[in-house]
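Here is the file upload.txt (compact mmCIF, C-alpha atoms and all ligand atoms).
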# COMPACT_ATOMS: atom_id res chain seq x y z
CA MET A 1 0.00 0.00 0.00
CA LYS A 2 1.26 3.45 -0.91
CA VAL A 3 1.39 6.08 1.80
CA SER A 4 -1.05 8.17 -0.23
CA GLU A 5 -3.49 5.26 -0.33
CA ALA A 6 -3.25 4.82 3.42
CA LEU A 7 -3.87 8.56 3.85
CA HIS A 8 -6.80 8.64 1.47
CA THR A 9 -8.50 5.59 2.97
CA ARG A 10 -7.92 6.48 6.62
CA LYS A 11 -10.97 7.98 8.14
CA THR A 12 -12.46 7.99 11.58
CA VAL A 13 -14.60 4.89 11.86
CA ARG A 14 -17.36 4.96 14.47
CA ALA A 15 -18.88 1.50 14.03
CA PHE A 16 -16.77 -1.64 14.07
CA LYS A 17 -17.44 -5.31 13.46
CA THR A 18 -16.67 -7.72 16.27
CA ASP A 19 -14.07 -9.56 14.13
CA PRO A 20 -10.99 -9.86 16.31
CA VAL A 21 -7.69 -8.06 15.92
CA SER A 22 -4.73 -10.19 16.96
CA ALA A 23 -2.07 -9.18 19.44
CA GLU A 24 0.50 -10.16 16.78
CA THR A 25 -0.91 -7.67 14.28
CA LEU A 26 -0.94 -4.91 16.89
CA LYS A 27 2.63 -5.75 17.82
CA VAL A 28 3.77 -5.39 14.20
CA ILE A 29 1.93 -2.07 13.94
CA LEU A 30 3.42 -0.76 17.19
CA GLU A 31 6.93 -1.89 16.34
CA THR A 32 6.72 -0.16 12.97
CA ALA A 33 5.10 2.97 14.43
CA ALA A 34 8.09 3.19 16.79
CA ARG A 35 9.98 4.55 13.75
CA SER A 36 7.96 7.76 14.08
CA PRO A 37 10.11 10.84 14.62
CA SER A 38 10.26 12.75 17.88
CA GLY A 39 12.22 15.85 18.83
CA GLY A 40 15.52 14.77 20.42
CA ASN A 41 14.35 11.19 19.85
CA LEU A 42 12.56 11.38 23.23
CA GLN A 43 9.87 8.94 22.07
CA PRO A 44 7.58 10.41 24.75
CA TRP A 45 4.59 8.17 24.01
CA ARG A 46 3.27 5.46 26.27
CA VAL A 47 0.58 3.05 25.15
CA HIS A 48 -1.72 0.56 26.84
CA VAL A 49 -3.07 -2.14 24.54
CA LEU A 50 -6.45 -3.52 25.53
CA LEU A 51 -7.82 -6.73 24.06
CA GLY A 52 -10.42 -9.28 25.12
CA ASP A 53 -11.35 -9.21 28.80
CA ALA A 54 -8.98 -6.32 29.49
CA ARG A 55 -10.80 -4.17 26.93
CA ASN A 56 -14.18 -5.26 28.23
CA GLU A 57 -13.24 -4.47 31.79
CA LEU A 58 -12.36 -0.86 30.98
CA VAL A 59 -15.66 -0.50 29.09
CA ARG A 60 -17.48 -2.02 32.06
CA ARG A 61 -15.80 0.27 34.59
CA VAL A 62 -16.58 3.38 32.57
CA ALA A 63 -20.20 2.26 32.12
CA GLU A 64 -20.41 1.86 35.89
CA LYS A 65 -18.97 5.33 36.45
CA ARG A 66 -21.40 6.83 33.95
CA LYS A 67 -24.32 5.79 36.14
CA THR A 68 -23.39 8.60 38.52
CA SER A 69 -21.39 10.77 36.14
CA PRO A 70 -22.91 10.42 32.63
CA MET A 71 -20.50 12.81 30.94
CA GLY A 72 -17.44 11.90 32.96
CA GLU A 73 -15.20 14.38 34.71
CA THR A 74 -13.21 17.42 33.68
CA PRO A 75 -10.33 16.27 31.49
CA GLU A 76 -6.80 16.91 32.63
CA TYR A 77 -6.18 19.15 29.64
CA HIS A 78 -8.31 21.33 27.36
CA ILE A 79 -9.55 19.07 24.58
CA TYR A 80 -10.41 22.24 22.67
CA PRO A 81 -9.43 25.85 23.35
CA PRO A 82 -11.98 27.22 25.86
CA GLU A 83 -12.87 30.13 23.53
CA LEU A 84 -12.56 28.52 20.12
CA THR A 85 -12.58 31.16 17.38
CA GLU A 86 -13.30 31.06 13.65
CA PRO A 87 -12.68 29.29 11.33
CA TYR A 88 -12.17 26.41 13.78
CA LYS A 89 -15.48 26.82 15.58
CA SER A 90 -17.47 26.43 12.35
CA ARG A 91 -15.40 23.48 11.24
CA ARG A 92 -16.14 21.72 14.49
CA PHE A 93 -19.84 22.50 14.22
CA ARG A 94 -20.00 21.31 10.60
CA ILE A 95 -18.34 17.93 11.22
CA GLY A 96 -20.72 17.25 14.10
CA GLU A 97 -23.75 18.12 11.99
CA ALA A 98 -22.46 16.07 9.04
CA MET A 99 -21.82 13.07 11.29
CA TYR A 100 -25.26 13.08 12.93
CA ALA A 101 -26.90 13.70 9.53
CA THR A 102 -25.57 10.33 8.30
CA MET A 103 -27.73 8.74 11.01
CA GLY A 104 -30.67 11.12 10.65
CA ILE A 105 -30.25 12.44 14.19
CA PRO A 106 -31.41 16.08 14.35
CA ARG A 107 -29.81 18.72 16.53
CA GLU A 108 -32.78 18.81 18.90
CA ASP A 109 -32.53 15.11 19.68
CA LYS A 110 -29.91 15.51 22.39
CA MET A 111 -30.67 12.09 23.85
CA ALA A 112 -29.99 10.29 20.57
CA ARG A 113 -26.81 12.31 20.08
CA LEU A 114 -25.60 11.51 23.57
CA LYS A 115 -26.42 7.85 23.11
CA PHE A 116 -24.37 7.72 19.94
CA PHE A 117 -21.51 9.70 21.49
CA SER A 118 -21.37 7.34 24.44
CA GLY A 119 -20.35 4.62 21.98
CA ASN A 120 -16.90 6.21 22.31
CA TRP A 121 -16.63 4.54 25.69
CA GLU A 122 -17.23 1.15 24.11
CA PHE A 123 -14.56 1.76 21.48
CA PHE A 124 -17.53 1.91 19.07
CA GLY A 125 -17.61 -1.87 19.20
CA ALA A 126 -13.96 -2.36 18.17
CA PRO A 127 -12.30 -5.42 19.72
CA ALA A 128 -9.03 -3.57 20.33
CA GLY A 129 -8.39 -0.35 22.15
CA LEU A 130 -5.33 1.73 22.85
CA ILE A 131 -4.90 4.28 25.60
CA PHE A 132 -2.14 6.87 25.16
CA THR A 133 -0.48 8.52 28.12
CA MET A 134 2.58 10.74 28.47
CA ASP A 135 4.84 12.00 31.21
CA ARG A 136 3.55 15.35 32.51
CA GLN A 137 6.95 17.01 32.16
CA MET A 138 6.48 16.90 28.39
CA GLN A 139 5.77 20.14 26.53
CA GLN A 140 4.08 21.18 23.28
CA GLY A 141 6.81 19.62 21.16
CA GLN A 142 6.21 16.21 22.69
CA TRP A 143 2.44 16.47 22.22
CA ALA A 144 3.20 16.91 18.52
CA ASP A 145 5.46 13.84 18.68
CA LEU A 146 2.67 11.83 20.24
CA GLY A 147 0.31 12.98 17.49
CA MET A 148 2.74 11.84 14.81
CA TYR A 149 3.05 8.50 16.54
CA MET A 150 -0.71 8.10 16.59
CA GLN A 151 -0.94 8.98 12.91
CA SER A 152 1.68 6.31 12.15
CA ILE A 153 -0.46 3.77 13.95
CA MET A 154 -3.56 4.86 12.05
CA LEU A 155 -1.82 4.64 8.67
CA LEU A 156 -0.22 1.29 9.45
CA ALA A 157 -3.63 -0.02 10.51
CA ARG A 158 -4.82 0.61 6.95
CA GLU A 159 -2.01 -1.57 5.62
CA HIS A 160 -3.44 -4.38 7.74
CA GLY A 161 -6.99 -3.83 6.52
CA LEU A 162 -7.93 -2.19 9.80
CA HIS A 163 -9.58 1.11 10.64
CA THR A 164 -9.26 3.38 13.63
CA CYS A 165 -10.99 6.03 15.70
CA PRO A 166 -8.73 8.34 17.70
CA GLN A 167 -10.68 9.19 20.83
CA GLU A 168 -10.13 12.13 23.11
CA ALA A 169 -13.49 11.17 24.61
CA TRP A 170 -11.61 8.84 26.93
CA ALA A 171 -9.94 11.86 28.56
CA VAL A 172 -13.15 12.56 30.50
CA HIS A 173 -12.71 9.22 32.23
CA HIS A 174 -9.07 9.67 33.16
CA SER A 175 -9.56 8.66 36.79
CA VAL A 176 -11.21 5.35 35.88
CA ILE A 177 -8.46 4.68 33.35
CA ARG A 178 -5.73 5.70 35.78
CA GLU A 179 -6.98 3.37 38.47
CA TYR A 180 -7.61 0.41 36.17
CA LEU A 181 -4.42 0.66 34.10
CA GLU A 182 -2.32 1.80 37.06
CA VAL A 183 -1.19 4.91 35.24
CA PRO A 184 1.32 6.65 37.53
CA ALA A 185 0.52 10.14 38.84
CA ASN A 186 3.30 11.69 36.75
CA GLU A 187 1.56 10.67 33.52
CA ILE A 188 -1.35 12.38 31.81
CA VAL A 189 -4.06 10.33 30.12
CA PHE A 190 -4.23 11.86 26.66
CA CYS A 191 -6.63 9.79 24.60
CA GLY A 192 -7.71 6.43 23.31
CA MET A 193 -7.98 4.77 19.94
CA ALA A 194 -10.36 2.09 18.72
CA ILE A 195 -8.90 -0.37 16.21
CA GLY A 196 -10.79 -2.97 14.27
CA HIS A 197 -12.64 -3.85 11.11
CA ALA A 198 -15.05 -1.19 9.86
CA ASP A 199 -18.72 -2.02 9.67
CA ASP A 200 -19.37 -0.72 6.18
CA THR A 201 -23.12 -1.14 6.59
CA ALA A 202 -23.23 1.46 9.38
CA PRO A 203 -24.46 4.83 8.03
CA VAL A 204 -22.02 6.77 10.23
CA ASN A 205 -19.10 5.18 8.44
CA SER A 206 -20.22 6.74 5.14
CA LEU A 207 -19.03 10.10 6.49
CA ILE A 208 -16.14 11.60 4.57
CA SER A 209 -15.05 14.71 6.40
CA GLU A 210 -14.40 17.84 4.42
CA ARG A 211 -11.09 19.70 4.29
CA ALA A 212 -10.34 23.35 3.86
CA PRO A 213 -8.57 24.14 0.59
CA ILE A 214 -4.84 24.42 1.20
CA ALA A 215 -4.96 28.05 0.03
CA GLU A 216 -6.68 28.84 3.36
CA TYR A 217 -3.60 28.02 5.37
CA VAL A 218 -0.58 27.58 3.10
CA THR A 219 1.59 30.59 2.36
CA TRP A 220 3.96 30.28 -0.55
CA ARG A 221 7.15 32.28 -0.96
CA GLN A 222 8.97 31.47 -4.14
CA SER A 223 10.93 34.57 -4.87
CA ALA A 224 12.18 37.50 -2.84
C1 LIG A 301 -6.56 13.42 18.77
C2 LIG A 301 -7.92 13.16 18.20
C3 LIG A 301 -8.97 12.86 19.04
C4 LIG A 301 -10.25 12.57 18.53
N1 LIG A 301 -11.25 12.22 19.38
C5 LIG A 301 -12.43 11.78 18.89
C6 LIG A 301 -13.42 11.23 19.76
O1 LIG A 301 -13.26 11.20 20.97
N2 LIG A 301 -14.54 10.73 19.20
C7 LIG A 301 -14.75 10.74 17.85
O2 LIG A 301 -15.80 10.25 17.41
N3 LIG A 301 -13.83 11.26 16.99
C8 LIG A 301 -12.68 11.75 17.48
N4 LIG A 301 -11.71 12.23 16.63
C9 LIG A 301 -11.93 12.19 15.18
C10 LIG A 301 -12.11 13.55 14.53
O3 LIG A 301 -13.41 14.01 14.75
C11 LIG A 301 -11.80 13.36 13.02
O4 LIG A 301 -10.45 13.04 12.87
C12 LIG A 301 -12.11 14.60 12.18
O5 LIG A 301 -13.46 14.93 12.23
C13 LIG A 301 -11.69 14.37 10.73
O6 LIG A 301 -12.36 13.23 10.21
P1 LIG A 301 -11.58 11.97 9.65
O7 LIG A 301 -10.68 11.45 10.72
O8 LIG A 301 -12.65 10.98 9.29
O9 LIG A 301 -10.79 12.42 8.46
C14 LIG A 301 -10.46 12.59 17.13
C15 LIG A 301 -9.39 12.92 16.28
C16 LIG A 301 -8.14 13.18 16.81
C17 LIG A 301 -7.00 13.50 15.86

Could you show the structure in this file as structure tokens?
Amino acid sequence: MKVSEALHTRKTVRAFKTDPVSAETLKVILETAARSPSGGNLQPWRVHVLLGDARNELVRRVAEKRKTSPMGETPEYHIYPPELTEPYKSRRFRIGEAMYATMGIPREDKMARLKFFSGNWEFFGAPAGLIFTMDRQMQQGQWADLGMYMQSIMLLAREHGLHTCPQEAWAVHHSVIREYLEVPANEIVFCGMAIGHADDTAPVNSLISERAPIAEYVTWRQSA
């Protein structure tokens, strides 16, 4: 598979089949993703791989927590800037509307939207889940490194016929995750990622997110 093919076919999948993903496949993906660059070669990422009962137990614990705290707790970092400005605010709004439109869920139907969103905490049915953490001493540069590492995983997943959903939604359950996975206090729970086989019959997976034309953010300088 060409890199461009992996990039063009990667998309956020929000409905997975139950077909298993083997530990061997994930190991190959993680060993290859380890070639991702990082400033100073710090390799600041840390990953928990959850399969089988281990995956189910995290899902169970979060479901239990949601009985008293349906939307989780305040994340340890700002998932979005508190005062998001344009054009980012509109982009965020549009992708949400486009996603719920694939399932015919209108804006007013908050319950249906919440029900769908809560699928995040079941890895949207994927049999494999990853949780990414990082030492708190790390700065903006290392967050970028972690993002590159995650992108490597998502592209490599395509090579193995798999799809992914990166999930900051898990950040609102950092305490449950911390306790269950024994994440030390000096590490921040950044996000999760569902990995599995896409359910192509699910309407939500028909979503192809739009992109701004590169002219909106690329500045060219070709002569003085
Ligand atoms: C770090 C990160 C966290 C994300 N968290 C979530 C999430 O919690 N739930 C979700 O459904 N999508 C999540 N997404 C997916 C984005 O909404 C998606 O990447 C974006 O809308 C572009 O769509 P595409 O990935 O299909 O190209 C996340 C993406 C990234 C990069």

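For segment 105-121 of chain A, the residues within 7 Å (counting all atoms listed in the file, excluding itself and residues fewer than 3 positions away along the chain) are A:Val59, A:Val62, A:Tyr100, A:Ala101, A:Phe124, A:Ala169, A:Trp170.
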
Quick one: what's the axis-aligned box for ligand LIG 301 (chain A), all listed atoms, 5 Å on every side, centre and edges in Å to one decimal, as lines of an AutoDock Vina configuration file?
center_x = -11.2
center_y = 12.6
center_z = 14.7
size_x = 19.2
size_y = 14.7
size_z = 22.5

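Atom CA of Lys27 of chain A is found 18.1 Å from atom CA of Asp53 of chain A.
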
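Closest approach to ligand LIG 301 (chain A) among A:Lys11, A:Lys2, A:His174, A:Arg221 is made by A:Lys11 (distances from only C-alpha atoms and all ligand atoms).
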
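Shortest atom-to-atom contact with ligand LIG 301 (chain A) among A:Ala6, A:Ala63, A:Val21, A:Met99: A:Met99, counting all atoms listed in the file.
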
Residues within 12 Å of (4.9, 17.6, 24.1), counting only C-alpha atoms, listed as a PyMOL selection string
chain A and resi 38-40+42-45+133-149+188+190

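Between atom C17 of ligand LIG 301 (chain A) and atom CA of Ala171 of chain A lies a distance of 13.1 Å.
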
Which residues of chain A come within 8 Å of ligand LIG 301 (chain A), and what is each one's closest atom pair and distance in Å (one decimal), counting only C-alpha atoms and all ligand atoms, sorted by chain and residue number, as JSON lines?
{"residue": "A:Arg10", "atom": "CA", "partner": "A:LIG301", "partner_atom": "O9", "distance": 6.8}
{"residue": "A:Lys11", "atom": "CA", "partner": "A:LIG301", "partner_atom": "O8", "distance": 3.6}
{"residue": "A:Thr12", "atom": "CA", "partner": "A:LIG301", "partner_atom": "O8", "distance": 3.8}
{"residue": "A:Val13", "atom": "CA", "partner": "A:LIG301", "partner_atom": "O8", "distance": 6.9}
{"residue": "A:Arg14", "atom": "CA", "partner": "A:LIG301", "partner_atom": "O2", "distance": 6.2}
{"residue": "A:Arg92", "atom": "CA", "partner": "A:LIG301", "partner_atom": "O5", "distance": 7.6}
{"residue": "A:Ile95", "atom": "CA", "partner": "A:LIG301", "partner_atom": "O5", "distance": 5.8}
{"residue": "A:Gly96", "atom": "CA", "partner": "A:LIG301", "partner_atom": "O5", "distance": 7.8}
{"residue": "A:Phe117", "atom": "CA", "partner": "A:LIG301", "partner_atom": "O2", "distance": 7.0}
{"residue": "A:Asn120", "atom": "CA", "partner": "A:LIG301", "partner_atom": "N2", "distance": 6.0}
{"residue": "A:Gly147", "atom": "CA", "partner": "A:LIG301", "partner_atom": "C1", "distance": 7.0}
{"residue": "A:Cys165", "atom": "CA", "partner": "A:LIG301", "partner_atom": "N3", "distance": 6.1}
{"residue": "A:Pro166", "atom": "CA", "partner": "A:LIG301", "partner_atom": "C4", "distance": 4.6}
{"residue": "A:Gln167", "atom": "CA", "partner": "A:LIG301", "partner_atom": "O1", "distance": 3.3}
{"residue": "A:Glu168", "atom": "CA", "partner": "A:LIG301", "partner_atom": "N1", "distance": 3.9}
{"residue": "A:Ala169", "atom": "CA", "partner": "A:LIG301", "partner_atom": "O1", "distance": 3.6}
{"residue": "A:Trp170", "atom": "CA", "partner": "A:LIG301", "partner_atom": "O1", "distance": 6.6}
{"residue": "A:Cys191", "atom": "CA", "partner": "A:LIG301", "partner_atom": "C3", "distance": 6.8}
{"residue": "A:Gly192", "atom": "CA", "partner": "A:LIG301", "partner_atom": "O1", "distance": 7.7}
{"residue": "A:Leu207", "atom": "CA", "partner": "A:LIG301", "partner_atom": "O8", "distance": 7.0}
{"residue": "A:Ile208", "atom": "CA", "partner": "A:LIG301", "partner_atom": "O8", "distance": 5.9}
{"residue": "A:Ser209", "atom": "CA", "partner": "A:LIG301", "partner_atom": "O6", "distance": 4.9}
{"residue": "A:Glu210", "atom": "CA", "partner": "A:LIG301", "partner_atom": "O9", "distance": 7.7}

Residue nearest Met71 of chain A among A:Val172, A:Ala128, A:Ala194, A:Ala15 (counting only C-alpha atoms):
A:Val172
